[in-house]
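Next up, model.tsv (TSV, C-alpha atoms and all ligand atoms):
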chain	number	residue	atom	x	y	z
A	19	MET	CA	-83.23	168.44	-15.34
A	20	LEU	CA	-85.07	169.18	-12.09
A	21	GLU	CA	-88.68	170.32	-12.36
A	22	ALA	CA	-89.48	173.72	-10.86
A	23	PRO	CA	-91.36	173.18	-7.59
A	24	VAL	CA	-95.12	173.69	-7.84
A	25	ALA	CA	-96.23	176.67	-5.75
A	26	GLU	CA	-98.73	175.85	-3.01
A	27	PRO	CA	-102.27	176.76	-4.10
A	28	GLU	CA	-102.51	179.58	-1.53
A	29	GLN	CA	-99.62	181.47	-3.14
A	30	ARG	CA	-101.31	181.56	-6.52
A	31	THR	CA	-104.04	183.88	-7.72
A	32	THR	CA	-107.41	182.34	-8.49
A	33	SER	CA	-106.85	182.79	-12.23
A	34	GLN	CA	-103.49	181.01	-12.02
A	35	ARG	CA	-105.14	178.19	-10.11
A	36	ILE	CA	-107.92	177.92	-12.69
A	37	ALA	CA	-105.42	177.99	-15.57
A	38	ALA	CA	-103.62	174.99	-14.04
A	39	LEU	CA	-106.87	173.04	-13.70
A	40	ASN	CA	-108.45	173.87	-17.09
A	41	ARG	CA	-107.54	172.67	-20.59
A	42	HIS	CA	-108.76	174.28	-23.81
A	43	ASP	CA	-110.64	176.91	-21.78
A	44	LYS	CA	-112.80	174.46	-19.88
A	45	PRO	CA	-112.45	172.43	-16.69
A	46	PHE	CA	-110.29	169.32	-17.08
A	47	HIS	CA	-109.73	168.74	-13.38
A	48	VAL	CA	-112.86	169.80	-11.50
A	49	VAL	CA	-111.65	171.21	-8.19
A	50	LEU	CA	-113.01	174.75	-7.73
A	51	ALA	CA	-116.50	176.09	-8.45
A	52	GLN	CA	-114.84	179.26	-9.80
A	53	GLN	CA	-113.71	177.22	-12.82
A	54	PHE	CA	-117.25	177.34	-14.25
A	55	ASP	CA	-118.60	180.30	-16.16
A	56	ARG	CA	-122.21	180.87	-17.18
A	57	ASP	CA	-121.86	179.20	-20.58
A	58	GLN	CA	-120.33	176.08	-19.05
A	59	ILE	CA	-123.02	175.91	-16.37
A	60	GLU	CA	-125.74	176.23	-19.01
A	61	HIS	CA	-124.08	173.59	-21.16
A	62	LEU	CA	-123.95	171.13	-18.24
A	63	CYS	CA	-127.55	171.83	-17.17
A	64	ARG	CA	-128.87	171.28	-20.68
A	65	LEU	CA	-126.70	168.19	-21.15
A	66	SER	CA	-128.12	166.82	-17.87
A	67	GLU	CA	-131.64	167.33	-19.24
A	68	MET	CA	-130.71	165.49	-22.43
A	69	ILE	CA	-129.16	162.56	-20.57
A	70	ARG	CA	-132.26	162.35	-18.37
A	71	ALA	CA	-134.50	162.19	-21.46
A	72	ILE	CA	-132.26	159.73	-23.34
A	73	CYS	CA	-132.14	157.41	-20.31
A	74	GLY	CA	-135.93	157.20	-20.41
A	75	ASP	CA	-135.95	154.37	-22.92
A	76	ARG	CA	-133.95	151.21	-23.44
A	77	GLN	CA	-132.42	152.13	-26.76
A	78	GLY	CA	-131.28	155.52	-25.42
A	79	ALA	CA	-129.91	154.09	-22.18
A	80	GLN	CA	-127.99	151.47	-24.16
A	81	PHE	CA	-126.53	154.13	-26.43
A	82	LEU	CA	-125.21	156.05	-23.40
A	83	THR	CA	-123.49	152.93	-22.03
A	84	THR	CA	-121.35	152.71	-25.16
A	85	LEU	CA	-119.82	156.15	-24.70
A	86	LEU	CA	-117.17	155.52	-22.04
A	87	SER	CA	-116.96	151.74	-21.90
A	88	HIS	CA	-113.27	152.04	-22.87
A	89	ARG	CA	-112.38	154.20	-19.82
A	90	ARG	CA	-112.12	153.40	-16.09
A	91	ALA	CA	-112.83	155.50	-13.00
A	92	MET	CA	-111.48	155.29	-9.45
A	93	LEU	CA	-113.58	156.60	-6.58
A	94	TYR	CA	-111.12	157.46	-3.82
A	95	PHE	CA	-113.50	158.46	-1.01
A	96	ILE	CA	-111.80	158.50	2.35
A	97	GLN	CA	-114.42	160.68	4.04
A	98	PRO	CA	-117.97	159.42	4.70
A	99	SER	CA	-120.39	159.78	1.80
A	100	THR	CA	-123.69	158.32	0.65
A	101	ARG	CA	-125.17	160.53	-2.09
A	102	THR	CA	-122.02	161.84	-3.72
A	103	PHE	CA	-120.44	158.39	-3.86
A	104	LEU	CA	-123.56	156.62	-5.11
A	105	SER	CA	-124.48	159.26	-7.66
A	106	PHE	CA	-120.97	159.14	-9.10
A	107	THR	CA	-121.18	155.33	-9.35
A	108	ALA	CA	-124.61	155.69	-10.99
A	109	ALA	CA	-123.16	158.28	-13.40
A	110	CYS	CA	-120.35	155.88	-14.34
A	111	GLN	CA	-122.94	153.15	-14.94
A	112	ILE	CA	-125.06	155.45	-17.11
A	113	LEU	CA	-122.02	156.15	-19.31
A	114	GLY	CA	-120.89	152.52	-19.29
A	115	MET	CA	-117.66	153.42	-17.48
A	116	PRO	CA	-116.29	150.63	-15.24
A	117	TYR	CA	-115.21	151.88	-11.81
A	118	ASN	CA	-113.46	150.76	-8.70
A	119	GLU	CA	-113.32	152.23	-5.21
A	120	VAL	CA	-111.09	152.88	-2.21
A	121	ARG	CA	-113.14	154.00	0.78
A	122	ASN	CA	-111.06	152.79	3.66
A	123	PRO	CA	-107.33	153.57	3.54
A	124	GLN	CA	-106.83	150.84	6.18
A	125	THR	CA	-107.24	148.30	3.36
A	126	SER	CA	-104.61	149.93	1.12
A	127	SER	CA	-100.83	150.05	1.27
A	128	GLU	CA	-101.11	153.30	3.20
A	129	VAL	CA	-101.00	151.09	6.31
A	130	LYS	CA	-97.52	150.00	5.19
A	131	GLY	CA	-96.45	153.62	5.20
A	132	GLU	CA	-97.17	154.58	1.59
A	133	THR	CA	-98.03	158.26	1.35
A	134	GLU	CA	-101.39	159.37	-0.03
A	135	GLU	CA	-99.47	161.14	-2.81
A	136	ASP	CA	-97.85	157.87	-3.87
A	137	THR	CA	-101.18	156.06	-3.64
A	138	ILE	CA	-102.76	158.58	-6.02
A	139	GLN	CA	-99.85	158.22	-8.44
A	140	VAL	CA	-100.31	154.45	-8.40
A	141	LEU	CA	-104.04	154.83	-9.05
A	142	SER	CA	-103.28	157.13	-11.95
A	143	ASN	CA	-101.63	154.21	-13.75
A	144	TYR	CA	-104.72	151.99	-13.63
A	145	PHE	CA	-107.53	154.49	-14.21
A	146	ASP	CA	-108.55	157.30	-16.55
A	147	LEU	CA	-110.40	159.43	-13.98
A	148	ILE	CA	-110.02	159.86	-10.22
A	149	ILE	CA	-113.01	161.10	-8.25
A	150	MET	CA	-111.94	162.05	-4.77
A	151	ARG	CA	-113.39	163.01	-1.40
A	152	HIS	CA	-110.84	164.02	1.17
A	153	PRO	CA	-110.94	165.73	4.60
A	154	VAL	CA	-107.98	168.00	3.84
A	155	GLU	CA	-108.65	171.29	2.05
A	156	GLY	CA	-106.55	171.65	-1.06
A	157	PHE	CA	-105.60	167.96	-1.31
A	158	ALA	CA	-107.51	167.40	-4.57
A	159	GLU	CA	-105.92	170.50	-6.04
A	160	ARG	CA	-102.44	169.43	-4.97
A	161	MET	CA	-102.98	166.02	-6.58
A	162	ALA	CA	-104.29	167.62	-9.78
A	163	LEU	CA	-101.08	169.69	-10.04
A	164	LYS	CA	-99.01	166.59	-9.38
A	165	LEU	CA	-100.82	164.63	-12.09
A	166	ASN	CA	-100.22	167.52	-14.52
A	167	GLN	CA	-96.52	166.74	-14.25
A	168	MET	CA	-96.96	163.09	-15.15
A	169	ARG	CA	-96.93	161.49	-18.58
A	170	ARG	CA	-100.48	160.17	-18.46
A	171	ALA	CA	-102.94	163.06	-18.41
A	172	LEU	CA	-105.92	162.16	-16.30
A	173	PRO	CA	-108.49	164.34	-14.60
A	174	ILE	CA	-109.40	164.61	-10.92
A	175	ILE	CA	-112.91	165.49	-9.80
A	176	ASN	CA	-113.26	166.92	-6.32
A	177	GLY	CA	-116.19	165.23	-4.55
A	178	GLY	CA	-115.72	167.36	-1.42
A	179	SER	CA	-112.53	168.80	0.04
A	180	GLY	CA	-112.50	169.53	3.76
A	181	LYS	CA	-114.49	172.62	4.73
A	182	ASP	CA	-113.53	174.26	1.49
A	183	GLN	CA	-115.37	173.25	-1.66
A	184	HIS	CA	-117.84	170.78	-3.16
A	185	PRO	CA	-118.13	171.92	-6.78
A	186	THR	CA	-120.22	169.02	-8.12
A	187	GLN	CA	-122.81	169.55	-5.38
A	188	ALA	CA	-122.97	173.22	-6.43
A	189	LEU	CA	-123.51	172.16	-10.06
A	190	LEU	CA	-126.40	169.87	-9.14
A	191	ASP	CA	-127.82	172.62	-6.92
A	192	ILE	CA	-127.77	175.14	-9.73
A	193	TYR	CA	-129.26	172.54	-12.08
A	194	THR	CA	-132.09	172.11	-9.55
A	195	LEU	CA	-132.61	175.89	-9.46
A	196	TYR	CA	-132.57	176.01	-13.27
A	197	ARG	CA	-135.36	173.41	-13.32
A	198	CYS	CA	-137.34	175.40	-10.73
A	199	PHE	CA	-137.00	178.83	-12.31
A	200	THR	CA	-136.95	178.19	-16.06
A	201	THR	CA	-140.13	178.54	-18.06
A	202	ARG	CA	-140.18	177.54	-21.71
A	203	GLN	CA	-140.38	180.54	-24.05
A	204	ASN	CA	-143.03	180.63	-26.78
A	205	GLY	CA	-141.96	178.45	-29.68
A	206	GLU	CA	-138.86	177.16	-27.84
A	207	ARG	CA	-138.14	173.52	-28.63
A	208	GLY	CA	-136.02	170.89	-26.93
A	209	VAL	CA	-134.26	171.80	-23.70
A	210	PRO	CA	-134.87	175.44	-22.68
A	211	ARG	CA	-131.98	177.92	-22.50
A	212	MET	CA	-130.72	178.99	-19.09
A	213	ARG	CA	-131.23	182.71	-19.35
A	214	GLU	CA	-128.63	185.12	-18.02
A	215	ASP	CA	-131.32	186.86	-15.93
A	216	ILE	CA	-132.71	183.62	-14.47
A	217	PHE	CA	-131.93	184.78	-10.91
A	218	ALA	CA	-132.48	188.52	-11.38
A	219	GLY	CA	-134.51	189.81	-8.44
A	220	LYS	CA	-134.56	186.37	-6.79
A	221	THR	CA	-133.61	186.04	-3.13
A	222	ILE	CA	-131.63	182.97	-2.20
A	223	ALA	CA	-131.09	182.37	1.51
A	224	PHE	CA	-128.29	180.22	2.88
A	225	VAL	CA	-129.09	178.95	6.35
A	226	GLY	CA	-127.17	177.24	9.12
A	227	ASP	CA	-123.48	176.43	9.52
A	228	LEU	CA	-122.16	178.62	6.72
A	229	LYS	CA	-118.65	178.77	8.14
A	230	ARG	CA	-117.92	175.07	7.74
A	231	GLY	CA	-120.39	174.03	5.05
A	232	ARG	CA	-118.49	173.52	1.79
A	233	THR	CA	-121.63	173.16	-0.35
A	234	VAL	CA	-122.70	176.73	0.41
A	235	ARG	CA	-119.27	178.12	-0.41
A	236	SER	CA	-119.23	176.44	-3.82
A	237	LEU	CA	-122.82	177.41	-4.68
A	238	VAL	CA	-122.20	181.08	-3.81
A	239	TYR	CA	-119.28	181.09	-6.27
A	240	LEU	CA	-121.57	179.82	-9.04
A	241	LEU	CA	-124.48	182.14	-8.27
A	242	CYS	CA	-122.25	185.22	-8.40
A	243	ARG	CA	-122.14	184.67	-12.18
A	244	TYR	CA	-125.80	185.73	-12.50
A	245	PRO	CA	-126.70	189.42	-12.53
A	246	GLY	CA	-129.35	190.63	-10.10
A	247	VAL	CA	-129.26	187.66	-7.70
A	248	ARG	CA	-129.79	188.58	-4.02
A	249	MET	CA	-128.38	186.55	-1.15
A	250	GLN	CA	-129.16	186.25	2.54
A	251	PHE	CA	-126.76	184.62	4.96
A	252	ILE	CA	-128.75	183.36	7.92
A	253	ALA	CA	-126.43	181.88	10.53
A	254	PRO	CA	-125.43	182.07	14.18
A	255	PRO	CA	-122.77	184.81	14.51
A	256	GLU	CA	-120.03	182.27	15.28
A	257	LEU	CA	-120.89	180.21	12.17
A	258	GLN	CA	-121.40	183.05	9.68
A	259	ILE	CA	-119.95	182.76	6.19
A	260	GLU	CA	-116.19	183.45	5.96
A	261	SER	CA	-114.83	186.81	4.81
A	262	ASP	CA	-113.21	185.38	1.65
A	263	ILE	CA	-116.69	184.54	0.33
A	264	ILE	CA	-118.02	187.97	1.22
A	265	GLU	CA	-115.09	189.59	-0.61
A	266	TYR	CA	-115.96	187.50	-3.67
A	267	VAL	CA	-119.65	188.45	-3.45
A	268	ASP	CA	-118.64	192.12	-3.16
A	269	ARG	CA	-116.40	191.84	-6.19
A	270	TYR	CA	-119.41	190.67	-8.22
A	271	ASP	CA	-121.60	193.47	-6.82
A	272	VAL	CA	-124.14	191.03	-5.46
A	273	GLU	CA	-126.72	192.45	-3.06
A	274	TYR	CA	-126.69	190.55	0.25
A	275	GLU	CA	-127.58	190.80	3.92
A	276	PHE	CA	-126.83	188.97	7.13
A	277	VAL	CA	-129.89	187.75	9.01
A	278	ASP	CA	-130.10	186.33	12.48
A	279	ASP	CA	-133.41	184.43	12.42
A	280	LEU	CA	-134.87	182.44	9.51
A	281	ARG	CA	-138.46	183.22	10.54
A	282	HIS	CA	-137.93	186.94	9.78
A	283	ALA	CA	-136.69	186.26	6.26
A	284	ILE	CA	-138.52	183.22	4.96
A	285	GLY	CA	-141.46	185.17	3.45
A	286	ASP	CA	-139.08	186.99	1.05
A	287	CYS	CA	-137.18	183.92	-0.14
A	288	ASP	CA	-137.38	182.39	-3.61
A	289	ALA	CA	-135.00	179.62	-2.55
A	290	VAL	CA	-133.85	178.59	0.91
A	291	TYR	CA	-130.73	176.44	1.18
A	292	MET	CA	-130.72	174.66	4.55
A	293	THR	CA	-127.59	173.08	6.05
A	294	ARG	CA	-126.87	170.98	9.12
A	295	LEU	CA	-124.50	171.81	11.96
A	296	GLN	CA	-121.07	170.57	10.81
A	297	ASP	CA	-120.05	169.56	14.34
A	298	GLU	CA	-117.52	166.97	13.17
A	299	TRP	CA	-115.16	169.98	12.90
A	300	ASP	CA	-115.70	171.05	16.54
A	301	LYS	CA	-112.61	171.11	18.72
A	302	ALA	CA	-114.41	170.61	22.05
A	303	GLY	CA	-118.15	170.31	21.37
A	304	GLU	CA	-118.47	174.11	21.17
A	305	SER	CA	-121.40	174.07	18.75
A	306	SER	CA	-123.60	172.14	21.20
A	307	ARG	CA	-124.18	175.51	22.92
A	308	ILE	CA	-125.75	177.04	19.79
A	309	ASP	CA	-129.52	177.43	19.59
A	310	TYR	CA	-130.06	176.03	16.09
A	311	GLY	CA	-133.84	176.57	16.34
A	312	ARG	CA	-133.49	180.01	14.75
A	313	TYR	CA	-131.83	178.38	11.75
A	314	SER	CA	-134.38	175.59	11.29
A	315	LEU	CA	-137.29	175.36	8.87
A	316	THR	CA	-140.44	174.08	10.54
A	317	GLU	CA	-143.95	173.18	9.42
A	318	ASP	CA	-145.55	176.16	11.16
A	319	MET	CA	-143.65	178.49	8.79
A	320	ALA	CA	-145.34	176.96	5.71
A	321	PRO	CA	-148.06	179.67	5.50
A	322	LEU	CA	-145.23	182.22	5.03
A	323	PHE	CA	-143.73	180.42	2.00
A	324	LYS	CA	-143.99	181.95	-1.47
A	325	PRO	CA	-145.81	179.47	-3.77
A	326	GLY	CA	-142.71	179.09	-5.97
A	327	LEU	CA	-140.24	178.74	-3.09
A	328	ALA	CA	-137.54	176.09	-3.61
A	329	ILE	CA	-136.58	174.42	-0.33
A	330	MET	CA	-133.14	172.87	-0.74
A	331	HIS	CA	-130.73	170.86	1.41
A	332	PRO	CA	-127.59	168.99	0.34
A	333	LEU	CA	-128.47	166.29	2.93
A	334	PRO	CA	-127.90	164.60	5.30
A	335	ARG	CA	-130.34	166.57	7.44
A	336	ARG	CA	-130.98	166.58	11.12
A	337	HIS	CA	-133.65	168.61	12.93
A	338	GLU	CA	-133.05	171.81	10.94
A	339	LEU	CA	-135.41	170.65	8.19
A	340	ASP	CA	-138.78	169.41	9.42
A	341	SER	CA	-139.70	166.12	7.73
A	342	ARG	CA	-143.36	167.20	7.78
A	343	LEU	CA	-142.43	169.56	4.91
A	344	ASP	CA	-141.28	166.66	2.71
A	345	ASN	CA	-144.45	166.35	0.66
A	346	LEU	CA	-144.93	170.04	-0.10
A	347	PRO	CA	-144.45	171.05	-3.75
A	348	GLN	CA	-141.77	173.48	-2.51
A	349	ALA	CA	-139.58	170.64	-1.17
A	350	LYS	CA	-136.81	170.12	-3.75
A	351	TYR	CA	-134.24	168.19	-1.72
A	352	TRP	CA	-135.20	164.78	-3.08
A	353	ASP	CA	-135.03	166.25	-6.58
A	354	GLN	CA	-131.51	167.43	-5.79
A	355	VAL	CA	-130.51	163.83	-5.03
A	356	ARG	CA	-131.71	162.59	-8.43
A	357	ASN	CA	-130.43	165.66	-10.26
A	358	GLY	CA	-126.97	164.86	-8.91
A	359	MET	CA	-126.88	161.65	-10.90
A	360	TRP	CA	-127.71	163.41	-14.19
A	361	MET	CA	-125.38	166.33	-13.54
A	362	ARG	CA	-122.45	164.08	-12.63
A	363	SER	CA	-123.08	162.07	-15.79
A	364	ALA	CA	-123.08	165.31	-17.79
A	365	LEU	CA	-119.86	166.47	-16.16
A	366	ILE	CA	-117.99	163.23	-16.86
A	367	ALA	CA	-119.34	163.18	-20.44
A	368	ASP	CA	-118.13	166.75	-20.93
A	369	ILE	CA	-114.65	166.07	-19.53
A	370	PHE	CA	-114.23	163.12	-21.90
A	371	ASN	CA	-115.67	165.07	-24.85
A	372	VAL	CA	-118.60	162.76	-25.52
A	373	ASP	CA	-121.04	165.63	-24.94
A	374	THR	CA	-121.44	166.29	-28.68
A	375	ALA	CA	-122.43	162.66	-29.31
A	376	ILE	CA	-125.10	163.01	-26.60
A	377	MET	CA	-126.44	166.27	-28.04
A	378	ASP	CA	-126.54	164.79	-31.56
A	379	HIS	CA	-128.40	161.74	-30.27
A	380	TYR	CA	-130.86	163.92	-28.39
A	381	HIS	CA	-131.54	166.13	-31.37
A	382	SER	CA	-132.05	163.13	-33.67
A	383	TYR	CA	-134.49	161.27	-31.43
A	384	TYR	CA	-136.00	163.48	-28.75
A	385	ALA	CA	-136.20	167.17	-29.72
A	386	TYR	CA	-139.32	167.80	-31.73
A	401	LIG	C1	-122.62	167.47	2.09
A	401	LIG	C2	-121.11	167.33	2.21
A	401	LIG	O1	-120.58	166.23	2.29
A	401	LIG	O2	-120.50	168.38	2.21
A	401	LIG	N1	-123.27	166.31	1.71
A	401	LIG	C3	-123.33	165.98	0.37
A	401	LIG	O3	-122.33	165.81	-0.30
A	401	LIG	N2	-124.55	165.90	-0.19
A	401	LIG	C4	-123.25	168.16	3.21
A	401	LIG	C5	-123.03	167.70	4.62
A	401	LIG	O4	-122.32	166.75	4.91
A	401	LIG	O5	-123.62	168.37	5.48

Exercise: express the given structure as structure tokens:
Amino acid sequence: MLEAPVAEPEQRTTSQRIAALNRHDKPFHVVLAQQFDRDQIEHLCRLSEMIRAICGDRQGAQFLTTLLSHRRAMLYFIQPSTRTFLSFTAACQILGMPYNEVRNPQTSSEVKGETEEDTIQVLSNYFDLIIMRHPVEGFAERMALKLNQMRRALPIINGGSGKDQHPTQALLDIYTLYRCFTTRQNGERGVPRMREDIFAGKTIAFVGDLKRGRTVRSLVYLLCRYPGVRMQFIAPPELQIESDIIEYVDRYDVEYEFVDDLRHAIGDCDAVYMTRLQDEWDKAGESSRIDYGRYSLTEDMAPLFKPGLAIMHPLPRRHELDSRLDNLPQAKYWDQVRNGMWMRSALIADIFNVDTAIMDHYHSYYAY
């Protein structure tokens, strides 16, 4: 019997797309930030904290390496990457999961004319998880739907898809914000809860190339889950955030404004999320005409910062984030790098259902 053709992602509603990517009401393939609700985000943030604590001693770190030593991961990264690639490899090492990589399709049978679809299907026979970075929007989702039709069920994690989404970056970003804005309640033990009102009344500014920056898109989706959050979109008019994101923000009744110059807004911000010009997507160098100075954070603005400001950047940075700010307590971008390793470990542990073993271990040895 012929299989019914799979509809292209664009023809499906977001809930249909999520249903195809989730299993047992939680993400199986991790492709879209909209797959995560508040409970799942909290679970992953707290699991990250536990893994971080457990890794602090030899006996704990050794315990973690037993959890997925019977599974294998493939990192199929055919777009440049430093942090995402290395933090996923570190996460695999933390969980004892052997991995392999394809970073240059020139070294694979794709040069003999094999399609990327066939390559992924081949990989699916050797590995138990595929982590993928790809320049084409929707490719990871298309592959996830394809793998759903195959006998061996294995998950895909999207490590960045074109200009569209970067859900694991958004998870590590929200984990960083959780660490910045959570204070332990009286008598609370172990890892603190992530309260529903954690971002109530907080202003989070997104700055720079918001049109083509996938990290911002994914983080906005996650933040919309939190009541009372305020957003500012600070970008040159030609690189402002796309209307689909604004429609989403409207649907969640989030208060937001468009701003044209970072200097006017910085004093009100609780977090500022800087991004670089994504000029690799230019058709004819058009963004070289943009004055990015108005969308840059410089040392002379430091007196305007709130004491608890979180300065964030997915990195790599260029001139939009002054390196003279690096040693301020408000600079959280190096923390983001390290948090990515814990969050990606937590995510893989959760997908393979070894999260309970980690929580049990934590509660037996570390929570007192
Ligand atoms: C980002 C990306 O690849 O989207 N980097 C990252 O994963 N930390 C941001 C960027 O390239 O500007």

Practice prompt. Using only C-alpha atoms, find the one residue out of A:His282, A:Arg211, A:Arg151, A:Arg169 that sits nearest to Leu65 of chain A.
Written response: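 Checking each candidate against Leu65 of chain A, we get A:Arg211 as the closest.
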
Worksheet item: Contacts of Val267 of chain A at 12 Å or less, counting all atoms listed in the file, minus same-chain residues fewer than 6 places along, as a list in words?
Response: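 Contacts, with the query itself left out: Arg235, Leu237, Val238, Tyr239, Leu240, Leu241, Cys242, Arg243, Tyr244, Pro245, Gly246, Val247, Arg248, Met249, Gln250, Phe251, Ile259, Glu260, Ser261, Glu273, Tyr274 and Glu275 of chain A.
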
Worksheet item: Pick the closest to ligand LIG 401 (chain A) from A:Leu147, A:Leu39, A:Ala188, A:Ala283: which is it, counting all atoms listed in the file?
Response: A:Ala188

Item to complete: Select, from A:Met150, A:Ala162, A:Leu82, A:Ala253, the residue with the minimum atom-to-atom distance to Met377 of chain A, counting only C-alpha atoms.
Response: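 Looking only at the distances to Met377 of chain A, the closest residue turns out to be A:Leu82.
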
Fill in: Within 6 Å of ligand LIG 401 (chain A), counting all atoms listed in the file, residues as a list of chain:residue names
A:Arg101, A:Thr102, A:Arg232, A:Thr233, A:Arg294, A:Pro332, A:Leu333, A:Pro334

Worksheet entry | Top pick for closest residue to His184 of chain A, considering A:Leu141, A:Ala158, A:Met292, A:Ile376 and counting all atoms listed in the file |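 Checking each candidate against His184 of chain A, we get A:Ala158 as the closest.
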
Discussion item. For Lys44 of chain A, find every residue with an atom within 12 Å (counting all atoms listed in the file), except residues of its own chain fewer than 6 positions away, and show them as a list of chain:residue names.
Written reply: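 Listed by chain and then number, they are A:Ile36, A:Ala37, A:Ala38, A:Gln52, A:Gln53, A:Phe54, A:Asp55, A:Arg56, A:Asp57, A:Gln58, A:Ile59, A:His61, A:Leu62, A:Leu365, A:Asp368, A:Ile369, A:Phe370, A:Asn371.
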
Residues just named, written with C-alpha atoms as a CSV table (one decimal), in the coordinates of the input:
chain,number,residue,atom,x,y,z
A,36,ILE,CA,-107.9,177.9,-12.7
A,37,ALA,CA,-105.4,178.0,-15.6
A,38,ALA,CA,-103.6,175.0,-14.0
A,52,GLN,CA,-114.8,179.3,-9.8
A,53,GLN,CA,-113.7,177.2,-12.8
A,54,PHE,CA,-117.2,177.3,-14.2
A,55,ASP,CA,-118.6,180.3,-16.2
A,56,ARG,CA,-122.2,180.9,-17.2
A,57,ASP,CA,-121.9,179.2,-20.6
A,58,GLN,CA,-120.3,176.1,-19.0
A,59,ILE,CA,-123.0,175.9,-16.4
A,61,HIS,CA,-124.1,173.6,-21.2
A,62,LEU,CA,-124.0,171.1,-18.2
A,365,LEU,CA,-119.9,166.5,-16.2
A,368,ASP,CA,-118.1,166.8,-20.9
A,369,ILE,CA,-114.6,166.1,-19.5
A,370,PHE,CA,-114.2,163.1,-21.9
A,371,ASN,CA,-115.7,165.1,-24.8

Worksheet item: Which one is closest to Asn357 of chain A: A:Ile174, A:Met212, A:Ile69, A:Ala223? Count all atoms listed in the file.
Response: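 With all atoms listed in the file as the atom set, the closest residue is A:Ile69.
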
Worksheet entry | Separation of atom CA of Tyr310 of chain A from atom CA of Asp340 of chain A, in Å and rounded to one decimal |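 Result for atom CA of Tyr310 of chain A versus atom CA of Asp340 of chain A: 12.8 Å, one decimal.
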
Determine, counting only C-alpha atoms, which protein, DNA and RNA residues have an atom within 7 Å of an atom of segment 120-128 of chain A; residues of the same chain fewer than 4 positions away are not included. Present the result as a compact mmCIF listing (two decimals) with C-alpha atoms, in the frame of the given file.
# COMPACT_ATOMS: atom_id res chain seq x y z
CA LEU A 93 -113.58 156.60 -6.58
CA TYR A 94 -111.12 157.46 -3.82
CA PHE A 95 -113.50 158.46 -1.01
CA ILE A 96 -111.80 158.50 2.35
CA GLU A 132 -97.17 154.58 1.59
CA THR A 133 -98.03 158.26 1.35
CA GLU A 134 -101.39 159.37 -0.03

Fill in: Contacts of Arg197 of chain A within 10 Å, only C-alpha atoms, excl. fewer than 2 positions in-chain, as a list in words
Cys63, Glu67, Asp191, Ile192, Tyr193, Thr194, Leu195, Phe199, Thr200, Thr201, Pro210, Met212, Asp353 and Asn357 of chain A

Worksheet entry | Pairwise distance for atom CA of Thr316 of chain A and atom CA of Asp344 of chain A, rounded to one decimal in Å |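 Result for atom CA of Thr316 of chain A versus atom CA of Asp344 of chain A: 10.8 Å, one decimal.
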
Discussion item. One number please: atom CA of Lys350 of chain A to atom CA of Glu155 of chain A, in Å, one decimal.
Written reply: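 That distance, rounded to one decimal, is 28.8 Å.
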
Would you list the contacts of Glu317 of chain A as a PDB file with C-alpha atoms, keeping the file's coordinate frame, taking every protein, DNA or RNA residue within 12 Å and counting all atoms listed in the file, but skipping same-chain residues closer than 6 positions in sequence?
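What ended up in result18.pdb:
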ATOM      1  CA  ARG A 281    -138.460 183.220  10.540  1.00  0.00           C
ATOM      2  CA  PHE A 323    -143.730 180.420   2.000  1.00  0.00           C
ATOM      3  CA  HIS A 337    -133.650 168.610  12.930  1.00  0.00           C
ATOM      4  CA  GLU A 338    -133.050 171.810  10.940  1.00  0.00           C
ATOM      5  CA  LEU A 339    -135.410 170.650   8.190  1.00  0.00           C
ATOM      6  CA  ASP A 340    -138.780 169.410   9.420  1.00  0.00           C
ATOM      7  CA  SER A 341    -139.700 166.120   7.730  1.00  0.00           C
ATOM      8  CA  ARG A 342    -143.360 167.200   7.780  1.00  0.00           C
ATOM      9  CA  LEU A 343    -142.430 169.560   4.910  1.00  0.00           C
ATOM     10  CA  ASP A 344    -141.280 166.660   2.710  1.00  0.00           C
ATOM     11  CA  ASN A 345    -144.450 166.350   0.660  1.00  0.00           C
ATOM     12  CA  LEU A 346    -144.930 170.040  -0.100  1.00  0.00           C
ATOM     13  CA  ALA A 349    -139.580 170.640  -1.170  1.00  0.00           C
TER      14      ALA A 349
END

Worksheet item: Residues around (-96.0, 159.7, -13.1), cut-off 10 Å, counting all atoms listed in the file - what are they as a list in words?
Response: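 Residues lying no farther than 10 Å from the given point: Asp136, Ile138, Gln139, Val140, Ser142, Asn143, Lys164, Leu165, Asn166, Gln167, Met168, Arg169, Arg170 and Ala171 of chain A.
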
Worksheet item: Need the neighbours of (-119.0, 152.6, -19.6): which residues are at most 8 Å away, counting all atoms listed in the file, as a ChimeraX atom specification?
Response: /A:83-90,110-116

Item to complete: May I ask which of the residues A:Thr293, A:Tyr196, A:Leu228, A:Ala108 is the closest one to Glu214 of chain A, counting all atoms listed in the file?
Response: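 Residue with the minimum atom-to-atom distance to Glu214 of chain A: A:Tyr196.
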